[in-house]
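The data block below is final_1.cif; it holds mmCIF, C-alpha atoms.
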```cif
data_my_file
loop_
_atom_site.label_atom_id
_atom_site.label_comp_id
_atom_site.auth_asym_id
_atom_site.auth_seq_id
_atom_site.Cartn_x
_atom_site.Cartn_y
_atom_site.Cartn_z
CA MET A 1 3.91 5.44 28.85
CA ALA A 2 6.58 2.78 28.42
CA LYS A 3 7.07 0.45 25.48
CA ALA A 4 4.22 -1.96 24.86
CA LYS A 5 3.71 -5.29 23.16
CA GLY A 6 0.84 -6.65 21.10
CA CYS A 7 -0.43 -9.93 19.70
CA PRO A 8 0.53 -10.33 16.00
CA ASN A 9 -2.03 -13.11 15.43
CA VAL A 10 -4.70 -11.44 13.28
CA ALA A 11 -7.16 -14.20 14.16
CA CYS A 12 -6.81 -13.50 17.89
CA GLU A 13 -9.34 -11.47 19.86
CA MET A 14 -6.51 -9.54 21.54
CA ASN A 15 -5.27 -8.37 18.16
CA ALA A 16 -8.77 -7.35 17.07
CA LYS A 17 -9.26 -5.39 20.31
CA LYS A 18 -5.74 -3.88 19.96
CA LYS A 19 -4.90 -5.00 23.48
CA LEU A 20 -1.61 -3.58 24.76
CA PHE A 21 0.57 -5.91 26.85
CA ASN A 22 3.40 -5.03 29.21
CA LYS A 23 6.83 -5.13 27.57
CA LYS A 24 7.85 -7.84 30.06
CA ASP A 25 5.09 -10.19 28.82
CA GLY A 26 6.27 -12.85 26.40
CA TYR A 27 3.17 -14.56 25.01
CA CYS A 28 -0.45 -13.67 24.34
CA SER A 29 -2.70 -14.66 27.28
CA LYS A 30 -5.46 -15.63 24.84
CA CYS A 31 -3.80 -17.50 21.94
CA GLY A 32 -0.24 -18.08 23.15
CA THR A 33 1.41 -16.34 20.17
CA LYS A 34 4.76 -14.67 20.88
CA LEU A 35 4.14 -10.98 21.51
CA GLU A 36 5.88 -8.26 19.51
CA TYR A 37 6.51 -4.58 20.17
CA VAL A 38 3.70 -2.23 19.08
CA CYS A 39 3.12 1.49 19.07
CA ASN A 40 1.65 2.32 22.50
CA SER A 41 -0.77 5.01 21.19
CA ARG A 42 -4.42 4.16 21.59
CA ASN A 43 -5.93 2.51 18.48
CA CYS A 44 -2.67 2.50 16.48
CA TYR A 45 -1.25 -1.03 16.97
CA THR A 46 1.50 -0.69 14.36
CA PHE A 47 4.10 -3.38 15.00
CA LEU A 48 7.61 -2.05 15.59
CA ASP A 49 11.16 -3.35 15.58
CA GLU A 50 12.76 -4.06 18.95
CA ASN A 51 14.99 -0.99 18.80
CA SER A 52 12.20 1.43 17.79
CA ASP A 53 10.71 4.13 20.06
CA GLU A 54 7.57 3.43 22.05
CA LYS A 55 5.47 5.20 19.42
CA CYS A 56 5.49 4.76 15.66
CA LEU A 57 6.79 7.65 13.54
CA LYS A 58 3.32 8.63 12.41
CA CYS A 59 1.98 8.86 15.97
CA GLN A 60 5.05 10.91 16.93
CA ALA A 61 4.21 13.29 14.06
CA LYS A 62 0.56 13.40 15.18
CA ILE A 63 1.59 14.39 18.71
CA LYS A 64 3.86 17.13 17.38
CA ASP A 65 1.03 18.46 15.20
CA LEU A 66 -1.30 18.42 18.21
CA LYS A 67 1.27 20.31 20.29
CA ASP A 68 1.63 22.90 17.52
CA ASN A 69 -2.12 23.30 17.29
CA PHE A 70 -2.39 23.58 21.07
CA LYS A 71 0.32 26.24 21.13
CA ASP A 72 -1.52 28.07 18.37
CA VAL A 73 -4.81 28.02 20.27
CA ARG A 74 -3.09 29.03 23.52
CA ASN A 75 -1.40 31.96 21.82
CA LYS A 76 -4.71 33.09 20.36
CA VAL A 77 -6.45 32.82 23.72
CA VAL A 78 -3.67 34.69 25.51
CA GLY A 79 -3.63 37.28 22.74
CA GLY A 80 -7.40 37.65 23.09
CA VAL A 81 -7.22 38.01 26.88
CA VAL A 82 -4.48 40.62 26.55
CA ALA A 83 -6.51 42.52 23.95
CA VAL A 84 -9.68 42.40 26.07
CA GLY A 85 -7.67 43.35 29.16
CA GLY A 86 -6.10 46.27 27.30
CA PHE A 87 -9.50 47.42 26.09
CA ALA A 88 -10.95 47.14 29.59
CA LEU A 89 -8.06 49.16 31.00
CA THR A 90 -8.56 51.89 28.42
CA ILE A 91 -12.27 52.09 29.17
CA GLY A 92 -11.56 51.99 32.90
CA LYS A 93 -9.03 54.79 32.63
CA LYS A 94 -11.43 56.91 30.58
CA ALA A 95 -14.20 56.32 33.12
CA TYR A 96 -11.87 57.26 35.94
CA ASP A 97 -10.75 60.45 34.18
CA PHE A 98 -14.37 61.37 33.40
CA THR A 99 -15.40 60.83 37.00
CA LYS A 100 -12.45 62.77 38.33
CA ASN A 101 -13.05 65.76 36.05
CA ASN A 102 -16.81 65.96 36.48
CA LEU A 103 -17.30 65.17 40.16
CA MET B 1 7.40 -14.09 -32.32
CA ASP B 2 4.96 -16.92 -32.53
CA LYS B 3 1.70 -16.01 -34.21
CA ASN B 4 -0.13 -18.65 -32.21
CA ASP B 5 1.17 -17.17 -29.02
CA ASN B 6 -1.41 -16.98 -26.21
CA SER B 7 -0.44 -13.38 -25.54
CA VAL B 8 -1.99 -12.36 -28.88
CA GLN B 9 -5.29 -13.77 -27.63
CA LEU B 10 -4.83 -11.90 -24.37
CA PHE B 11 -4.46 -8.61 -26.25
CA LYS B 12 -7.67 -9.31 -28.14
CA ASN B 13 -9.77 -10.50 -25.22
CA ASN B 14 -8.65 -8.37 -22.29
CA ASP B 15 -8.57 -4.66 -21.73
CA PRO B 16 -4.84 -3.81 -21.62
CA TYR B 17 -5.65 -0.78 -19.43
CA ASN B 18 -6.87 -3.16 -16.77
CA PRO B 19 -4.33 -3.01 -13.87
CA GLY B 20 -4.14 -6.82 -13.87
CA PHE B 21 -2.94 -6.88 -17.48
CA PRO B 22 0.89 -6.87 -17.00
CA MET B 23 0.79 -9.85 -14.62
CA GLN B 24 -1.59 -11.77 -16.92
CA TYR B 25 0.61 -10.93 -19.91
CA PHE B 26 3.74 -12.06 -18.04
CA ASN B 27 2.11 -15.31 -16.87
CA LYS B 28 0.69 -16.09 -20.32
CA ASN B 29 4.07 -15.54 -21.97
CA ILE B 30 5.94 -17.69 -19.48
CA GLU B 31 3.25 -20.39 -19.73
CA SER B 32 3.30 -20.32 -23.52
CA LYS B 33 7.10 -20.36 -23.78
CA MET B 34 7.34 -23.18 -21.23
CA TYR B 35 4.86 -25.19 -23.29
CA GLN B 36 6.91 -24.53 -26.43
CA ALA B 37 10.10 -25.41 -24.55
CA ASP B 38 8.59 -28.73 -23.42
CA LYS B 39 7.57 -29.52 -27.00
CA MET B 40 11.01 -28.52 -28.29
CA VAL B 41 12.82 -30.62 -25.69
CA ASP B 42 10.61 -33.60 -26.58
CA SER B 43 11.33 -33.23 -30.30
CA LEU B 44 15.03 -32.76 -29.53
CA LEU B 45 15.09 -36.01 -27.60
CA ASP B 46 13.26 -37.76 -30.45
CA ALA B 47 15.81 -36.41 -32.90
CA ILE B 48 18.72 -37.50 -30.72
CA VAL B 49 17.30 -40.99 -30.51
CA LYS B 50 16.67 -41.13 -34.26
CA GLU B 51 19.93 -39.63 -35.42
CA SER B 52 22.13 -40.87 -32.56
CA SER B 53 24.61 -38.17 -33.48
CA THR B 54 25.51 -34.65 -32.43
CA LEU B 55 24.15 -33.17 -35.63
CA ALA B 56 21.50 -31.05 -33.97
CA ILE B 57 24.01 -29.52 -31.59
CA ALA B 58 26.53 -28.85 -34.35
CA ALA B 59 23.84 -27.24 -36.44
CA GLU B 60 23.42 -24.54 -33.82
CA LYS B 61 26.87 -23.29 -34.77
CA THR B 62 26.60 -23.69 -38.53
CA ASN B 63 22.96 -22.71 -38.95
CA LYS B 64 22.78 -24.89 -42.11
CA ASP B 65 20.32 -27.51 -43.24
CA TYR B 66 23.01 -30.13 -43.89
CA ARG B 67 26.74 -30.68 -43.61
CA LEU B 68 29.33 -32.64 -45.61
CA VAL B 69 31.18 -35.36 -43.77
CA VAL B 70 34.25 -37.30 -44.89
CA ASP B 71 33.24 -40.94 -45.19
CA ALA B 72 36.60 -42.70 -44.78
CA SER B 73 36.69 -46.50 -44.85
CA ASP B 74 38.15 -48.55 -41.99
CA GLU B 75 41.24 -49.32 -44.10
CA ILE B 76 41.97 -45.60 -44.70
CA LEU B 77 41.48 -44.78 -41.00
CA LYS B 78 43.89 -47.61 -40.10
CA ALA B 79 46.47 -46.34 -42.63
CA ILE B 80 46.21 -42.78 -41.21
CA LYS B 81 46.70 -44.14 -37.71
CA GLU B 82 49.77 -46.10 -38.81
CA GLY B 83 51.21 -43.06 -40.61
CA LYS B 84 51.02 -44.62 -44.08
CA LEU B 85 48.58 -41.94 -45.20
CA LYS B 86 48.23 -38.31 -44.06
CA LEU B 87 45.56 -35.66 -44.51
CA ALA B 88 46.61 -32.61 -46.55
CA TYR B 89 47.15 -29.35 -44.64
CA ASN B 90 47.01 -25.78 -45.91
CA LYS B 91 49.35 -23.01 -44.76
CA LYS B 92 47.15 -22.24 -41.74
CA GLY B 93 47.32 -25.86 -40.61
CA ASP B 94 43.65 -26.67 -41.44
CA LYS B 95 43.06 -30.26 -42.57
CA HIS B 96 41.56 -31.00 -46.01
CA ALA B 97 39.82 -34.02 -47.42
CA GLN B 98 42.84 -35.02 -49.51
CA LEU B 99 45.12 -37.91 -48.60
CA ILE B 100 48.90 -37.77 -49.01
CA ASN B 101 51.14 -40.82 -49.23
CA SER B 102 54.09 -41.28 -46.90
CA ASP B 103 56.41 -40.21 -49.78
CA GLY B 104 54.53 -36.87 -50.06
CA THR B 105 52.63 -37.63 -53.28
CA TYR B 106 48.85 -37.18 -53.49
CA SER B 107 46.92 -40.36 -52.80
CA LYS B 108 43.32 -41.22 -53.69
CA LYS B 109 40.50 -38.81 -52.84
CA LEU B 110 38.37 -39.21 -49.75
CA PRO B 111 34.66 -39.81 -50.32
CA ILE B 112 32.28 -37.26 -48.84
CA LYS B 113 28.68 -37.80 -47.79
CA GLU B 114 25.85 -35.37 -46.98
CA GLU B 115 24.20 -35.45 -43.58
CA TYR B 116 20.82 -33.74 -43.26
CA ILE B 117 19.79 -32.19 -40.01
CA ALA B 118 16.41 -33.19 -38.63
CA LYS B 119 13.92 -30.61 -39.87
CA GLU B 120 11.81 -30.66 -36.72
CA VAL B 121 14.70 -29.33 -34.59
CA SER B 122 15.45 -25.64 -35.08
CA PRO B 123 18.82 -24.94 -33.44
CA ILE B 124 17.80 -21.48 -32.21
CA GLU B 125 14.51 -22.69 -30.82
CA MET B 126 16.29 -25.64 -29.27
CA ALA B 127 18.79 -23.37 -27.49
CA ASN B 128 15.95 -21.11 -26.28
CA ALA B 129 13.97 -24.09 -25.05
CA LEU B 130 16.92 -25.47 -23.11
CA GLN B 131 17.65 -22.07 -21.58
CA LEU B 132 14.06 -21.65 -20.51
CA LYS B 133 13.84 -25.16 -19.09
CA ALA B 134 16.96 -24.45 -17.04
CA LEU B 135 15.27 -21.34 -15.62
CA GLN B 136 11.93 -23.00 -14.93
CA ASN B 137 12.27 -23.44 -11.16
CA GLN B 138 13.63 -19.94 -10.58
CA LEU B 139 10.88 -18.43 -12.72
CA GLU B 140 8.18 -20.30 -10.83
CA ASN B 141 9.51 -19.07 -7.46
CA LEU B 142 9.87 -15.53 -8.72
CA THR B 143 6.40 -15.45 -10.27
CA GLU B 144 4.96 -16.54 -6.92
CA GLN B 145 6.73 -13.68 -5.12
CA ILE B 146 5.72 -11.12 -7.77
CA GLU B 147 2.08 -12.22 -7.58
CA LYS B 148 2.04 -11.52 -3.83
CA ILE B 149 3.21 -7.95 -4.49
CA ASN B 150 0.86 -7.59 -7.45
CA TYR B 151 -2.13 -8.34 -5.23
CA GLY B 152 -1.32 -5.28 -3.12
CA VAL B 153 -0.77 -2.78 -5.92
CA LEU B 154 -3.88 -3.27 -8.06
CA ASP B 155 -6.14 -0.99 -6.00
CA ILE B 156 -3.58 1.82 -6.06
CA LEU B 157 -3.48 1.90 -9.85
CA LYS B 158 -7.08 2.81 -10.46
CA GLY B 159 -7.63 6.32 -11.72
CA GLN B 160 -4.01 7.49 -11.46
CA GLN B 161 -2.61 9.91 -14.06
CA ASN B 162 0.53 11.98 -14.57
CA ASP B 163 3.32 12.36 -17.16
CA ARG B 164 5.37 9.47 -15.85
CA ILE B 165 2.37 7.18 -15.86
CA GLY B 166 1.58 8.45 -19.36
CA LEU B 167 4.81 6.84 -20.57
CA TYR B 168 3.68 3.52 -19.13
CA TYR B 169 0.33 3.68 -20.92
CA SER B 170 2.11 4.76 -24.12
CA ALA B 171 4.17 1.55 -23.89
CA ILE B 172 1.04 -0.58 -23.51
CA SER B 173 -0.49 1.18 -26.49
CA LEU B 174 2.58 0.39 -28.64
CA MET B 175 2.49 -3.24 -27.55
CA ILE B 176 -1.18 -3.54 -28.53
CA GLU B 177 -0.36 -2.11 -31.95
CA SER B 178 2.61 -4.43 -32.38
CA ASN B 179 0.42 -7.46 -31.71
CA ARG B 180 -1.93 -6.42 -34.49
CA ILE B 181 0.77 -5.99 -37.13
CA ASN B 182 1.61 -8.81 -39.54
CA ASP B 183 5.03 -7.62 -40.66
CA GLU B 184 7.53 -9.24 -38.29
CA GLN B 185 10.09 -6.44 -38.52
CA LEU B 186 7.59 -3.67 -37.85
CA LYS B 187 6.04 -5.74 -35.07
CA ARG B 188 9.45 -6.09 -33.42
CA LEU B 189 10.25 -2.41 -33.92
CA LEU B 190 7.06 -1.31 -32.15
CA MET B 191 7.69 -3.78 -29.34
CA VAL B 192 11.19 -2.31 -28.90
CA GLN B 193 9.72 1.21 -28.79
CA GLY B 194 7.27 0.00 -26.16
CA ILE B 195 10.14 -1.38 -24.11
CA LYS B 196 11.96 1.96 -24.46
CA SER B 197 8.88 3.80 -23.14
CA LEU B 198 8.70 1.38 -20.22
CA SER B 199 12.39 1.98 -19.43
CA ASP B 200 11.82 5.76 -19.47
CA ALA B 201 8.75 5.40 -17.25
CA ILE B 202 10.65 3.17 -14.79
CA PHE B 203 13.56 5.63 -14.66
CA GLN B 204 11.36 8.68 -14.01
CA LEU B 205 9.12 6.91 -11.51
CA ASN B 206 12.18 5.57 -9.72
CA MET B 207 13.64 9.08 -9.36
CA LYS B 208 10.41 10.34 -7.78
CA PHE B 209 10.18 7.20 -5.63
CA LYS B 210 13.73 7.68 -4.29
CA ASP B 211 13.15 11.40 -3.58
CA ASP B 212 9.95 10.70 -1.67
CA ILE B 213 11.53 7.92 0.37
CA PHE B 214 14.51 10.13 1.20
CA TYR B 215 12.10 12.87 2.30
CA LEU B 216 10.45 10.50 4.78
CA THR B 217 13.52 8.61 6.01
CA SER B 218 15.42 11.85 6.64
CA LYS B 219 12.34 13.15 8.54
CA GLU B 220 12.11 16.34 6.51
CA TYR B 221 8.38 16.39 7.27
CA GLU B 222 9.29 17.47 10.82
CA ASN B 223 9.73 21.01 9.49
CA VAL B 224 6.14 21.27 8.23
CA LYS B 225 4.53 22.49 11.44
CA LYS B 226 0.92 21.46 12.11
CA LYS B 227 0.79 19.48 8.83
CA ARG B 228 3.28 16.69 9.43
CA VAL B 229 0.69 13.89 9.26
CA GLU B 230 -0.92 15.38 6.16
CA THR B 231 2.51 15.62 4.49
CA ILE B 232 3.39 12.03 5.44
CA GLU B 233 0.10 10.75 4.02
CA ARG B 234 0.59 12.65 0.75
CA LYS B 235 4.14 11.35 0.35
CA MET B 236 3.09 7.78 1.19
CA SER B 237 0.36 7.99 -1.44
CA ASP B 238 2.95 9.13 -4.02
CA ILE B 239 5.36 6.37 -2.97
CA ASN B 240 2.67 3.70 -3.25
CA GLN B 241 1.65 5.02 -6.66
CA SER B 242 5.24 5.09 -7.98
CA PHE B 243 5.90 1.62 -6.64
CA ALA B 244 2.73 0.22 -8.22
CA PHE B 245 3.66 1.55 -11.67
CA ILE B 246 7.32 0.53 -11.39
CA HIS B 247 6.11 -2.98 -10.50
CA GLN B 248 3.70 -3.08 -13.46
CA ALA B 249 6.27 -1.65 -15.88
CA MET B 250 8.94 -4.14 -14.79
CA ILE B 251 6.62 -7.11 -15.28
CA LEU B 252 5.44 -5.83 -18.63
CA LYS B 253 9.02 -5.27 -19.80
CA ALA B 254 10.03 -8.81 -18.76
CA ALA B 255 6.93 -10.19 -20.51
CA ALA B 256 7.75 -8.24 -23.69
CA TYR B 257 11.27 -9.69 -23.83
CA CYS B 258 9.85 -13.15 -23.13
CA SER B 259 7.40 -12.80 -26.04
CA MET B 260 10.37 -12.02 -28.32
CA ASN B 261 12.29 -15.08 -27.06
CA GLU B 262 14.91 -12.79 -25.49
CA PHE B 263 15.26 -14.74 -22.26
CA THR B 264 18.61 -13.26 -21.27
CA ALA B 265 17.10 -9.77 -21.47
CA MET B 266 14.04 -10.98 -19.58
CA THR B 267 16.14 -12.25 -16.70
CA ALA B 268 18.15 -9.00 -16.75
CA VAL B 269 14.88 -7.10 -16.18
CA LEU B 270 13.91 -9.42 -13.33
CA GLU B 271 17.35 -8.94 -11.80
CA GLU B 272 16.93 -5.17 -12.18
CA TYR B 273 13.62 -5.43 -10.30
CA SER B 274 15.27 -7.46 -7.56
CA LYS B 275 18.09 -4.89 -7.26
CA PHE B 276 15.56 -2.03 -7.16
CA ILE B 277 13.88 -3.73 -4.19
CA GLU B 278 17.21 -4.38 -2.50
CA ASN B 279 18.64 -0.88 -3.01
CA ASP B 280 15.57 1.31 -2.60
CA ILE B 281 13.18 -0.57 -0.33
CA LYS B 282 14.95 -3.09 1.88
CA ASP B 283 16.66 -0.58 4.19
CA SER B 284 13.70 1.78 4.51
CA ALA B 285 10.94 -0.87 4.71
CA HIS B 286 10.67 -0.61 8.52
CA ILE B 287 10.21 3.19 8.31
CA LEU B 288 7.69 2.97 5.46
CA ALA B 289 5.79 0.30 7.43
CA GLN B 290 5.37 2.78 10.31
CA LEU B 291 4.28 5.64 8.07
CA ASP B 292 1.88 3.76 5.77
CA SER B 293 -1.61 3.77 7.32
CA ASN B 294 -2.48 0.50 5.58
CA ASP B 295 0.56 -1.38 6.89
CA THR B 296 0.53 -3.47 10.06
CA GLY B 297 4.31 -3.31 10.47
CA LEU B 298 4.48 -7.11 10.62
CA GLU B 299 6.81 -9.23 8.48
CA ASN B 300 3.87 -10.09 6.21
CA GLY B 301 2.79 -6.43 6.07
CA ILE B 302 2.90 -4.37 2.85
CA TRP B 303 6.45 -3.01 2.90
CA LYS B 304 8.32 -5.79 4.68
CA SER B 305 6.84 -8.40 2.33
CA ARG B 306 7.74 -6.23 -0.70
CA ALA B 307 11.32 -6.10 0.60
CA LEU B 308 11.47 -9.90 0.50
CA LEU B 309 11.43 -10.13 -3.31
CA THR B 310 14.85 -11.46 -4.24
CA PHE B 311 16.21 -14.27 -6.29
CA ASP B 312 19.62 -15.77 -6.75
CA SER B 313 20.85 -13.70 -9.67
CA ILE B 314 24.24 -15.43 -9.73
CA ASP B 315 22.57 -18.78 -10.16
CA PHE B 316 20.29 -17.27 -12.81
CA SER B 317 23.23 -15.97 -14.84
CA ARG B 318 25.19 -19.19 -14.47
CA LEU B 319 22.31 -21.19 -15.85
CA LEU B 320 21.78 -18.83 -18.74
CA TYR B 321 25.30 -18.16 -19.89
CA ASN B 322 26.67 -21.67 -19.45
CA ASP B 323 24.80 -23.08 -22.48
CA GLU B 324 27.41 -25.69 -23.20
CA ASN B 325 26.92 -27.37 -19.81
CA ILE B 326 23.15 -27.38 -20.19
CA LEU B 327 23.42 -29.09 -23.57
CA LEU B 328 25.91 -31.66 -22.32
CA GLU B 329 23.91 -32.39 -19.18
CA ASP B 330 20.79 -32.88 -21.23
CA THR B 331 22.38 -35.22 -23.70
CA GLU B 332 24.21 -37.18 -21.01
CA GLU B 333 21.03 -37.77 -19.05
CA ASN B 334 19.32 -39.19 -22.08
#
```
Represent the structure from my file as structure tokens, please.
Amino acid sequence: MAKAKGCPNVACEMNAKKKLFNKKDGYCSKCGTKLEYVCNSRNCYTFLDENSDEKCLKCQAKIKDLKDNFKDVRNKVVGGVVAVGGFALTIGKKAYDFTKNNL
Amino acid sequence: MDKNDNSVQLFKNNDPYNPGFPMQYFNKNIESKMYQADKMVDSLLDAIVKESSTLAIAAEKTNKDYRLVVDASDEILKAIKEGKLKLAYNKKGDKHAQLINSDGTYSKKLPIKEEYIAKEVSPIEMANALQLKALQNQLENLTEQIEKINYGVLDILKGQQNDRIGLYYSAISLMIESNRINDEQLKRLLMVQGIKSLSDAIFQLNMKFKDDIFYLTSKEYENVKKKRVETIERKMSDINQSFAFIHQAMILKAAAYCSMNEFTAMTAVLEEYSKFIENDIKDSAHILAQLDSNDTGLENGIWKSRALLTFDSIDFSRLLYNDENILLEDTEEN
């Protein structure tokens, strides 16, 4: 998502609802206050300087933490599947050997 | 220190461990000293009108109750002007109240009269009053800015404890004791020890504050995988806590100097506070605004508004150190 703008007027409904405007928009459609850059993450609405990234530093950190956690979960799931697969193979091989020797 | 000072009443009535205490103490001291300065300036003007001389100003240098003045008649003054009489000189070239004839022989002695300095004008108090009056506008602006910051830090202060903060509370404790002591010297000594504790607290808190800010601005938290947000929040809490106590300690230190009539030292503390904001906060305010959950990031948000605290220190110093001009301006106007 590209850079977004927000209404800095705390008395405005758009500010209360944390409404994100397009970066090309200049003024708030509700109160007419000059729009300023905000973090484009949902429910953040931290106002940023013009040369900042599209997300505030804290949201960037949150995303990185989420990615780490996702990687962690994925690794555990993959590890679990591999372990179950390995176990199934062992059982399968034993069953095959048993069948082959006894039939 | 003035025994009737309002700050004494503040110590008795209010709980000094209340987070609002330093600001109240600072305001009370400024208010009280301004009131005294107004009274002193009024009595100075009365004295100038009564005496119509520069006695009060001269007394500041001599620190004496009276001075002896040569009371030469018009005839003697005319003779000196015409060169018929001369004043005697010693080897260093200093003039003496002894007349010498044009032929070098000693002439008659010059009469001397005593001039008493108006009792109601204390030269030291007068100088303090004039200094403080000269600073009045700057102090009012600064107090307004400090109060805005103060409003934001009070909630942070509740229930905080560590060694650095212990020094701050130790200083308050010493100041309470000093306000209950009758002996002026001991009172002053305890106040000075309190100021020393505040300086130590400010120094230690500032070190921690700088380290924490550097940690965040250099994005060192990026290395703490899965706990970046948690680390940021912990560091921001520490930064807010350090800032709140540095702010309180600075105000209390300025108020302590004010209560001792040390206005030059008081303004030095306020300048130190302004420089602390400029050096340690101004450049990183936009980063702190993004990382502090309670900040909106706007110009009137927590960190950007804190970064606005400045005052014209050059103007402050000029007004304080140029005593002679203040005195002349005051006398010329009246």
ask   = Hey, can you check how far CA of Ala307 in chain B sits from CA of Lys28 in chain B?
value = 25.5 Å
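Comparing the minimum interatomic distances between Thr296 in chain B and each of A:Leu48, A:Leu20, A:Ala11, A:Ala2, counting only C-alpha atoms, we find that A:Leu48 sits nearest.
Compared by their closest atoms to Tyr25 in chain B, and using all atoms listed in the file, the residues B:Ile202, B:Ile172, B:Ala88, B:Ile165 rank with B:Ile172 nearest.
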Result set, the PyMOL selection byres ((chain A) within 7 of (chain B)) on current file, as a ChimeraX atom specification = /A:46-48,56-58,61-62,65,68-69
Please produce a file of those selected residues containing C-alpha atoms, as a compact mmCIF listing (two decimals), in the coordinates of the input.
```
# COMPACT_ATOMS: atom_id res chain seq x y z
CA THR A 46 1.50 -0.69 14.36
CA PHE A 47 4.10 -3.38 15.00
CA LEU A 48 7.61 -2.05 15.59
CA CYS A 56 5.49 4.76 15.66
CA LEU A 57 6.79 7.65 13.54
CA LYS A 58 3.32 8.63 12.41
CA ALA A 61 4.21 13.29 14.06
CA LYS A 62 0.56 13.40 15.18
CA ASP A 65 1.03 18.46 15.20
CA ASP A 68 1.63 22.90 17.52
CA ASN A 69 -2.12 23.30 17.29
```
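Relative to CA of Ile213 in chain B, CA of Ala268 in chain B is found at 25.0 Å.
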request  = Kindly provide, as a count of residues only, the polymer residues lying within 12 Å of (4.2, -1.2, 27.5), counting only C-alpha atoms and using the coordinates exactly as they appear in the file.
outcome  = 26
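What separates CA of Asn240 in chain B from CA of Ser197 in chain B is a distance of 20.8 Å.
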Find the residues around range 92-108 of chain B up to 12 Å (only C-alpha atoms counted), leave out those fewer than 3 positions away in its own chain, and share them as a compact mmCIF listing (two decimals) with C-alpha atoms, in the frame of the given file.
```
# COMPACT_ATOMS: atom_id res chain seq x y z
CA LEU B 68 29.33 -32.64 -45.61
CA VAL B 69 31.18 -35.36 -43.77
CA VAL B 70 34.25 -37.30 -44.89
CA ASP B 71 33.24 -40.94 -45.19
CA ALA B 72 36.60 -42.70 -44.78
CA ILE B 76 41.97 -45.60 -44.70
CA LEU B 77 41.48 -44.78 -41.00
CA ALA B 79 46.47 -46.34 -42.63
CA ILE B 80 46.21 -42.78 -41.21
CA GLU B 82 49.77 -46.10 -38.81
CA GLY B 83 51.21 -43.06 -40.61
CA LYS B 84 51.02 -44.62 -44.08
CA LEU B 85 48.58 -41.94 -45.20
CA LYS B 86 48.23 -38.31 -44.06
CA LEU B 87 45.56 -35.66 -44.51
CA ALA B 88 46.61 -32.61 -46.55
CA TYR B 89 47.15 -29.35 -44.64
CA PRO B 111 34.66 -39.81 -50.32
CA ILE B 112 32.28 -37.26 -48.84
CA LYS B 113 28.68 -37.80 -47.79
```
query = Smallest atom-to-atom distance to Lys196 in chain B: which of B:Tyr151, B:Phe214, B:Tyr168, B:Phe21, using only C-alpha atoms?
reply = B:Tyr168
